[in-house]
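Next up, entry18.csv (CSV, C-alpha atoms and all ligand atoms):
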chain,number,residue,atom,x,y,z
M,1,MET,CA,-6.9,-12.8,1.1
M,2,LYS,CA,-8.3,-9.4,1.8
M,3,ALA,CA,-7.5,-7.0,4.6
M,4,THR,CA,-9.6,-4.3,6.2
M,5,VAL,CA,-9.0,-1.8,9.0
M,6,ASP,CA,-11.9,-0.8,11.2
M,7,ASP,CA,-12.3,2.6,12.9
M,8,SER,CA,-10.9,1.4,16.2
M,9,CYS,CA,-7.5,2.0,14.7
M,10,ILE,CA,-5.4,4.4,16.8
M,11,ALA,CA,-3.0,5.2,13.9
M,12,CYS,CA,0.0,3.8,15.8
M,13,GLY,CA,1.7,3.0,12.5
M,14,LEU,CA,2.8,-0.6,13.4
M,15,CYS,CA,1.1,-2.2,10.5
M,16,VAL,CA,2.7,0.2,8.1
M,17,ASP,CA,6.1,-0.6,9.5
M,18,VAL,CA,5.6,-4.3,9.4
M,19,CYS,CA,3.8,-4.6,6.0
M,20,PRO,CA,4.1,-1.4,3.9
M,21,GLU,CA,3.1,-3.5,0.8
M,22,VAL,CA,-0.5,-3.6,2.2
M,23,PHE,CA,-0.9,-0.8,4.7
M,24,LYS,CA,-0.4,2.9,4.4
M,25,MET,CA,-1.0,5.8,6.8
M,26,PRO,CA,-2.9,8.5,4.9
M,27,ASP,CA,-1.9,12.2,5.4
M,28,SER,CA,-5.0,12.7,7.5
M,29,ALA,CA,-3.6,9.8,9.7
M,30,GLU,CA,-6.9,9.0,11.2
M,31,ILE,CA,-6.9,5.3,10.5
M,32,ALA,CA,-4.5,3.1,8.5
M,33,GLU,CA,-5.5,2.4,4.9
M,34,VAL,CA,-5.4,-0.8,3.0
M,35,ILE,CA,-3.8,-0.1,-0.4
M,36,VAL,CA,-4.4,-3.4,-2.2
M,37,ASP,CA,-7.6,-5.2,-3.1
M,38,GLU,CA,-6.1,-8.7,-2.7
M,39,VAL,CA,-3.1,-9.3,-0.5
M,40,PRO,CA,-0.5,-10.8,-2.7
M,41,GLU,CA,0.7,-14.3,-1.7
M,42,ALA,CA,4.2,-13.0,-1.0
M,43,ASP,CA,2.9,-10.4,1.5
M,44,GLN,CA,0.4,-12.6,3.4
M,45,GLY,CA,2.9,-13.6,6.2
M,46,THR,CA,3.8,-10.0,7.1
M,47,CYS,CA,0.2,-9.0,6.7
M,48,ARG,CA,-0.8,-11.6,9.3
M,49,GLU,CA,2.1,-10.4,11.5
M,50,ALA,CA,0.7,-6.9,11.3
M,51,ALA,CA,-2.8,-8.1,12.2
M,52,ASP,CA,-1.5,-10.1,15.1
M,53,GLY,CA,0.6,-7.1,16.3
M,54,CYS,CA,-2.1,-4.5,16.0
M,55,PRO,CA,-2.7,-3.3,19.6
M,56,VAL,CA,-6.4,-2.8,19.2
M,57,GLU,CA,-7.1,-5.7,16.8
M,58,ALA,CA,-8.4,-3.3,14.2
M,59,ILE,CA,-7.1,-5.4,11.3
M,60,HIS,CA,-9.4,-8.1,9.9
M,61,LEU,CA,-8.4,-10.7,7.3
M,62,THR,CA,-10.7,-12.7,5.2
M,63,ASP,CA,-9.9,-15.5,2.7
M,101,LIG,S1,-1.4,-1.5,13.8
M,101,LIG,FE1,-3.6,-1.3,14.2
M,101,LIG,S2,-3.9,0.5,15.4
M,101,LIG,FE2,-1.8,0.6,14.5
M,101,LIG,S3,-2.1,1.8,12.6
M,101,LIG,FE3,-2.3,-0.4,12.1
M,101,LIG,S4,-4.5,-0.8,12.2
M,101,LIG,FE4,-4.1,1.1,13.2

Could you spell out this file's structure in C-alpha cells?
Ligand code: SF4
Amino acid sequence: MKATVDDSCIACGLCVDVCPEVFKMPDSAEIAEVIVDEVPEADQGTCREAADGCPVEAIHLTD
C-alpha cells in the first residue's frame, strides 16, 4: 500500500500523531509528508485510521 497527501492538507498534525511511522510534519509545515515508499504491513491499520480521520480527506491510499 502507498500513501500520498494532497495539497488540501491543512497541517493539523493528526496523521502524524496517529501514524508517525508513515507521516511527518516537515519544518516548513505546509503539508504533511509521507516518509515511506510502501506502507509496511504492520502500519497499515494506523495509516488507514489517519486517512479516515483526516479532516479534509487529503490522504489517499492505493494498493
Ligand atoms: S490529518 Fe490531513 S490535514 Fe491533518 S496533517 Fe494529516 S494530511 Fe494534513

What lies within 10 Å of His60 of chain M using all atoms listed in the file, ignoring chain neighbours under 5 positions off, as a ChimeraX atom specification? /M:2-6,48,51-52

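Minimum distance to Met25 of chain M across M:Asp43, M:Ala11, M:Glu38, M:Met1 (counting only C-alpha atoms) occurs at M:Ala11.
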
Which residues form the shell of 7 Å around ligand LIG 101 (chain M) when you count all atoms listed in the file, given as a ChimeraX atom specification? /M:5,9-16,31-32,50-51,53-59

Could you work out how far atom CA of Asp63 of chain M lies from atom CA of Val36 of chain M, giving the answer in Å with one decimal? 14.2 Å

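The space between atom CA of Thr46 of chain M and atom CA of Asp27 of chain M spans 23.0 Å.
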
May I ask which of the residues M:Pro20, M:Val39, M:Gly45, M:Ala29 is the closest one to Thr62 of chain M, counting only C-alpha atoms? M:Val39

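Picture a line from atom CA of Pro40 of chain M to atom CA of Val22 of chain M; it runs 8.7 Å.
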
Go ahead and fit an axis-aligned box to every listed atom of segment 44-56 of chain M plus 4 Å each side, and pass me the centre and edge lengths in Å, one decimal, as AutoDock Vina command-line options.
--center_x -1.3 --center_y -8.2 --center_z 11.5 --size_x 18.2 --size_y 18.8 --size_z 24.2
